[in-house]
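Visitor: My structure is stored as final_15.txt, with compact mmCIF, C-alpha atoms.
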# COMPACT_ATOMS: atom_id res chain seq x y z
CA ASN A 27 1.50 14.77 -13.80
CA SER A 28 -1.02 14.79 -10.93
CA TRP A 29 1.57 13.24 -8.60
CA ARG A 30 4.14 15.91 -9.52
CA MET A 31 1.66 18.76 -9.15
CA TYR A 32 0.51 17.44 -5.78
CA HIS A 33 4.10 17.66 -4.54
CA GLY A 34 4.70 21.12 -6.00
CA SER A 35 6.91 20.10 -8.92
CA TYR A 36 5.58 22.70 -11.35
CA ILE A 37 8.82 24.02 -12.82
CA ASN A 38 10.58 20.73 -13.62
CA ASP A 39 9.95 16.98 -13.53
CA TYR A 40 12.01 16.38 -10.39
CA VAL A 41 9.69 15.88 -7.39
CA GLY A 42 12.65 16.43 -5.05
CA ASN A 43 12.65 20.11 -6.14
CA GLY A 44 8.96 20.60 -5.35
CA HIS A 45 8.01 24.13 -4.19
CA GLN A 46 11.52 25.35 -5.03
CA VAL A 47 11.96 29.10 -5.58
CA ASN A 48 13.77 29.87 -8.86
CA PHE A 49 15.03 33.02 -10.53
CA THR A 50 14.41 33.86 -14.18
CA GLY A 51 14.38 36.78 -16.57
CA GLU A 52 17.21 38.31 -18.57
CA GLN A 53 19.28 39.05 -15.48
CA GLY A 54 17.60 36.81 -12.93
CA GLU A 55 15.41 39.69 -11.80
CA LEU A 56 12.20 37.64 -11.75
CA VAL A 57 11.28 35.15 -9.05
CA GLN A 58 9.32 31.97 -9.76
CA ILE A 59 7.33 30.93 -6.68
CA PRO A 60 5.01 27.88 -7.05
CA ILE A 61 1.74 28.33 -5.17
CA ASN A 62 0.28 24.84 -4.85
CA HIS A 63 -3.48 25.34 -5.22
CA PHE A 64 -3.76 21.78 -6.55
CA ARG A 65 -2.62 20.26 -3.25
CA ASN A 66 -4.78 22.69 -1.28
CA ILE A 67 -7.93 21.59 -3.14
CA ALA A 68 -6.99 17.91 -2.90
CA GLN A 69 -6.38 18.22 0.85
CA HIS A 70 -9.77 19.86 1.34
CA ILE A 71 -11.42 16.92 -0.44
CA TYR A 72 -9.37 14.49 1.67
CA VAL A 73 -10.38 16.15 4.96
CA MET A 74 -14.08 16.14 4.00
CA ILE A 75 -13.94 12.42 3.22
CA THR A 76 -11.88 11.28 6.24
CA SER A 77 -13.23 13.62 8.92
CA SER A 78 -15.76 10.94 9.92
CA ARG A 79 -14.27 7.58 10.93
CA PRO A 80 -15.41 4.53 8.95
CA THR A 81 -18.00 2.61 10.96
CA MET A 82 -18.48 -1.11 10.41
CA ASP A 83 -21.22 -2.96 12.24
CA ALA A 84 -21.32 -6.77 12.43
CA ARG A 85 -24.76 -8.30 11.89
CA ALA A 86 -25.98 -11.76 12.80
CA ILE A 87 -27.49 -13.82 9.97
CA ASN A 88 -29.48 -15.91 12.45
CA THR A 89 -31.86 -14.46 15.05
CA ASP A 90 -30.90 -16.64 18.04
CA TYR A 91 -29.25 -15.12 21.11
CA LYS A 92 -25.88 -16.86 20.60
CA SER A 93 -25.48 -15.44 17.11
CA TYR A 94 -26.55 -12.01 18.31
CA ALA A 95 -24.05 -12.10 21.19
CA GLN A 96 -21.23 -12.95 18.78
CA THR A 97 -21.75 -9.63 17.00
CA TYR A 98 -20.37 -7.86 20.10
CA LEU A 99 -17.15 -9.84 19.82
CA ALA A 100 -16.99 -9.18 16.07
CA ASN A 101 -17.43 -5.44 16.57
CA GLY A 102 -14.67 -5.47 19.18
CA ILE A 103 -12.33 -7.23 16.74
CA LEU A 104 -13.18 -4.74 13.99
CA ASP A 105 -12.45 -1.82 16.31
CA TYR A 106 -9.15 -3.45 17.36
CA TYR A 107 -7.98 -3.77 13.75
CA MET A 108 -9.08 -0.24 12.94
CA ARG A 109 -7.08 1.25 15.81
CA GLU A 110 -4.22 -1.09 16.72
CA LYS A 111 -3.52 -2.75 13.36
CA LYS A 112 -3.72 0.53 11.41
CA LEU A 113 -6.60 -0.42 9.10
CA GLU A 114 -7.92 3.13 9.42
CA ASP A 115 -4.51 4.53 8.40
CA ALA A 116 -4.50 2.25 5.33
CA LEU A 117 -7.97 3.47 4.32
CA LYS A 118 -6.92 7.11 4.74
CA LYS A 119 -3.76 6.60 2.70
CA ALA A 120 -5.77 4.91 -0.05
CA THR A 121 -8.19 7.87 -0.03
CA GLU A 122 -5.33 10.33 -0.54
CA LEU A 123 -3.82 8.26 -3.36
CA CYS A 124 -7.23 7.93 -5.01
CA ILE A 125 -7.79 11.69 -5.00
CA VAL A 126 -4.41 12.34 -6.63
CA LEU A 127 -4.04 9.32 -8.92
CA GLY A 128 -7.66 8.43 -9.66
CA ALA A 129 -7.49 4.96 -8.08
CA ALA A 130 -6.02 3.17 -5.08
CA TYR A 131 -6.25 -0.24 -3.43
CA VAL A 132 -6.16 -1.77 0.05
CA LYS A 133 -5.20 -5.45 0.28
CA LEU A 134 -6.00 -7.70 3.21
CA ALA A 135 -3.58 -10.64 3.42
CA TRP A 136 -2.64 -13.35 5.88
CA ASN A 137 1.02 -13.49 6.97
CA ALA A 138 1.71 -16.95 8.39
CA THR A 139 5.12 -15.92 9.74
CA ALA A 140 3.87 -12.95 11.80
CA GLY A 141 2.37 -12.80 15.27
CA GLU A 142 3.42 -14.46 18.52
CA ILE A 143 5.35 -17.75 18.70
CA TYR A 144 3.12 -20.56 19.98
CA ASP A 145 5.08 -23.72 19.12
CA THR A 146 8.26 -25.14 17.57
CA ASP A 147 8.60 -27.39 14.55
CA PRO A 148 9.90 -30.74 15.91
CA ASP A 149 11.81 -31.48 12.68
CA THR A 150 13.55 -28.15 12.07
CA ASP A 151 13.36 -26.50 15.51
CA GLU A 152 12.01 -23.41 13.74
CA PRO A 153 9.46 -21.35 15.70
CA ILE A 154 5.83 -21.60 14.57
CA LYS A 155 3.93 -18.31 14.82
CA GLU A 156 0.24 -17.60 15.18
CA GLY A 157 0.02 -15.60 11.95
CA GLU A 158 -1.53 -12.18 11.50
CA LEU A 159 -3.74 -10.17 9.17
CA GLU A 160 -1.85 -7.41 7.34
CA PHE A 161 -3.10 -4.40 5.38
CA SER A 162 -1.26 -2.91 2.42
CA THR A 163 -2.03 0.20 0.38
CA TYR A 164 -1.28 0.26 -3.34
CA THR A 165 -1.09 2.86 -6.08
CA PRO A 166 -2.34 2.00 -9.60
CA PHE A 167 1.31 1.33 -10.50
CA ASP A 168 1.49 -1.56 -8.02
CA VAL A 169 -1.68 -3.38 -9.13
CA ILE A 170 -1.74 -5.15 -12.50
CA VAL A 171 -5.14 -5.89 -14.04
CA ASP A 172 -6.59 -6.59 -17.47
CA GLY A 173 -7.13 -3.07 -18.82
CA THR A 174 -9.51 -4.25 -21.54
CA LYS A 175 -12.33 -5.05 -19.08
CA GLU A 176 -15.41 -2.84 -19.46
CA ASN A 177 -16.36 -3.27 -15.78
CA PRO A 178 -13.40 -2.49 -13.49
CA GLY A 179 -13.34 -4.64 -10.38
CA ASN A 180 -14.82 -7.65 -12.17
CA ASP A 181 -11.45 -9.14 -13.05
CA ASP A 182 -10.69 -12.85 -13.33
CA TRP A 183 -7.17 -12.21 -12.09
CA MET A 184 -5.13 -9.50 -10.40
CA MET A 185 -1.48 -9.09 -9.47
CA THR A 186 0.09 -6.90 -6.77
CA ARG A 187 3.64 -5.65 -6.24
CA ASN A 188 5.11 -5.36 -2.73
CA TRP A 189 8.49 -3.99 -1.68
CA VAL A 190 10.18 -6.39 0.76
CA ASN A 191 13.64 -6.50 2.32
CA ARG A 192 15.61 -9.12 0.40
CA PHE A 193 17.24 -10.50 3.56
CA ASP A 194 13.84 -11.09 5.15
CA LEU A 195 12.92 -13.03 2.01
CA ILE A 196 16.14 -15.05 2.22
CA ALA A 197 15.37 -15.92 5.84
CA LYS A 198 11.86 -16.99 4.81
CA TYR A 199 12.90 -18.86 1.64
CA PRO A 200 16.53 -19.98 2.15
CA GLU A 201 16.30 -22.43 -0.76
CA TYR A 202 16.02 -19.44 -3.14
CA ALA A 203 18.77 -17.35 -1.53
CA ASP A 204 20.93 -17.01 -4.68
CA LYS A 205 17.99 -15.99 -6.86
CA ILE A 206 16.79 -13.43 -4.30
CA ARG A 207 20.26 -11.87 -4.08
CA ALA A 208 20.24 -11.45 -7.87
CA VAL A 209 16.94 -9.51 -7.94
CA PRO A 210 17.54 -5.81 -8.81
CA PRO A 211 16.75 -3.39 -5.95
CA LYS A 212 13.95 -0.86 -5.77
CA THR A 213 16.17 2.06 -6.82
CA THR A 214 17.16 0.53 -10.17
CA SER A 215 16.37 3.02 -12.94
CA ALA A 216 14.38 0.39 -14.85
CA VAL A 217 11.90 -0.06 -11.97
CA TYR A 218 8.73 1.94 -12.63
CA ARG A 219 7.47 3.58 -9.45
CA LEU A 220 6.40 6.84 -7.83
CA ALA A 221 9.32 8.20 -5.85
CA VAL A 222 11.85 10.98 -5.55
CA TRP A 223 15.28 10.35 -7.02
CA SER A 224 17.72 8.92 -4.48
CA ASN A 225 21.35 7.85 -4.27
CA ASP A 226 20.59 5.69 -1.24
CA ASP A 227 21.23 1.98 -1.36
CA THR A 228 18.27 -0.20 -0.46
CA ASP A 229 17.66 -3.86 0.27
CA ASP A 230 14.03 -3.67 -0.90
CA VAL A 231 13.07 -5.78 -3.91
CA ALA A 232 9.78 -6.33 -5.73
CA VAL A 233 7.60 -9.31 -4.80
CA TYR A 234 4.67 -10.05 -7.11
CA GLU A 235 1.61 -11.94 -5.89
CA PHE A 236 -0.89 -13.37 -8.37
CA TYR A 237 -4.57 -13.93 -7.55
CA HIS A 238 -7.07 -15.74 -9.76
CA LYS A 239 -10.75 -16.52 -9.31
CA GLN A 240 -12.03 -20.06 -9.60
CA THR A 241 -13.09 -20.22 -13.24
CA ASP A 242 -13.82 -22.92 -15.83
CA ALA A 243 -10.27 -22.54 -17.12
Is it possible to express this structure as structure tokens?
Guide:
Amino acid sequence: NSWRMYHGSYINDYVGNGHQVNFTGEQGELVQIPINHFRNIAQHIYVMITSSRPTMDARAINTDYKSYAQTYLANGILDYYMREKKLEDALKKATELCIVLGAAYVKLAWNATAGEIYDTDPDTDEPIKEGELEFSTYTPFDVIVDGTKENPGNDDWMMTRNWVNRFDLIAKYPEYADKIRAVPPKTTSAVYRLAVWSNDDTDDVAVYEFYHKQTDA
């Protein structure tokens, strides 16, 4: 309901008709005009939170000069990822989702097939890339946790759902090409997600990643 209200869908459940002007009454003499105060208030909260840029400062554990000097490099790397790698954009998007939906997530992951090519595999002649850190923003519908936990964030395991082009997956995992082609696309009616209704075809499919802490089990 919050998601629909935020996009002006007050009169019906279809987000694609958000802020639509309708006519009602016995002879259509009345005009229904949605005035989205909900989004206005949410945007004010968003601006107050994000008006100041996040500041992260690297600190040296040791007190020697070498360790202290390395903090300058670390701060430069942090600033690079904030600006060039869109970490700040991911944090802002998560803030907006959190205001509307009550929760949001930012995931930091390592993509071994991203970055610049630095070598070639001598056996397969496939390029070997440097790898790159990637940031993803998730709604509560794309993060699966154990809802019975009394202390959120103290989970033994967590699962995330990404939307990835199926042909990129086939190129990355050619041995599973037939199975990947059989995966239903993102627009399938059975897929639960936040989106407007669309007739468009898509090659995006769901990829689930499972994370578990080191436990006795």
Visitor: Which protein, DNA or RNA residues have an atom at most 10 Å from (8.2, -21.5, 17.0), counting all atoms listed in the file? List them as a count of residues only.
Guide: 15
Visitor: Quick one, how far is CA of Tyr164 in chain A from CA of Val132 in chain A?
Guide: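 Between CA of Tyr164 in chain A and CA of Val132 in chain A the gap works out to 6.3 Å.
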Visitor: Would you work out the distance separating CA of Leu134 in chain A from CA of Glu160 in chain A, expressed in Å to one decimal?
Guide: 5.9 Å
Visitor: For a test of reading the model, state the distance in Å between CA of Leu220 in chain A and CA of Tyr234 in chain A, rounded to one decimal.
Guide: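 One can read the CA of Leu220 in chain A to CA of Tyr234 in chain A distance as 17.0 Å.
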Visitor: Please tabulate, as a Markdown table, the residues of range 52-84 of chain A that come within 12 Å of range 100-104 of chain A, each with its closest pair of atoms and the distance in Å to one decimal, counting only C-alpha atoms and ordering rows by chain, then residue number upward.
Guide:
| residue | atom | partner | partner_atom | distance |
| --- | --- | --- | --- | --- |
| A:Pro80 | CA | A:Leu104 | CA | 10.8 |
| A:Thr81 | CA | A:Leu104 | CA | 9.3 |
| A:Met82 | CA | A:Leu104 | CA | 7.4 |
| A:Asp83 | CA | A:Asn101 | CA | 6.3 |
| A:Ala84 | CA | A:Asn101 | CA | 5.8 |
Visitor: From the options A:Asp230, A:Glu158, A:Asp204, A:Glu235, which residue's atoms come nearest to Ile170 in chain A, counting all atoms listed in the file?
Guide: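 Checking each of A:Asp230, A:Glu158, A:Asp204, A:Glu235 against Ile170 in chain A, counting all atoms listed in the file, the winner is A:Glu235.
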Visitor: Can you work out which one of A:Leu123, A:Ala208, A:Ala68, A:Met184 has the shortest atom-to-atom distance to Asp172 in chain A, counting all atoms listed in the file?
Guide: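 Checking each of A:Leu123, A:Ala208, A:Ala68, A:Met184 against Asp172 in chain A, counting all atoms listed in the file, the winner is A:Met184.
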Visitor: Within 12 Å of (-5.6, -8.8, -10.7) in the file's own coordinates, which protein, DNA or RNA residues have an atom, counting all atoms listed in the file? List them as number ranges by chain.
Guide: A: 131, 133, 166, 168-173, 175, 178-187, 234-239
Visitor: Which of these residues is nearest to Ser28 in chain A, using only C-alpha atoms: A:Asn66, A:Gly128, A:Gly42, A:Asn188?
Guide: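 Closest to Ser28 in chain A, using only C-alpha atoms: A:Gly128.
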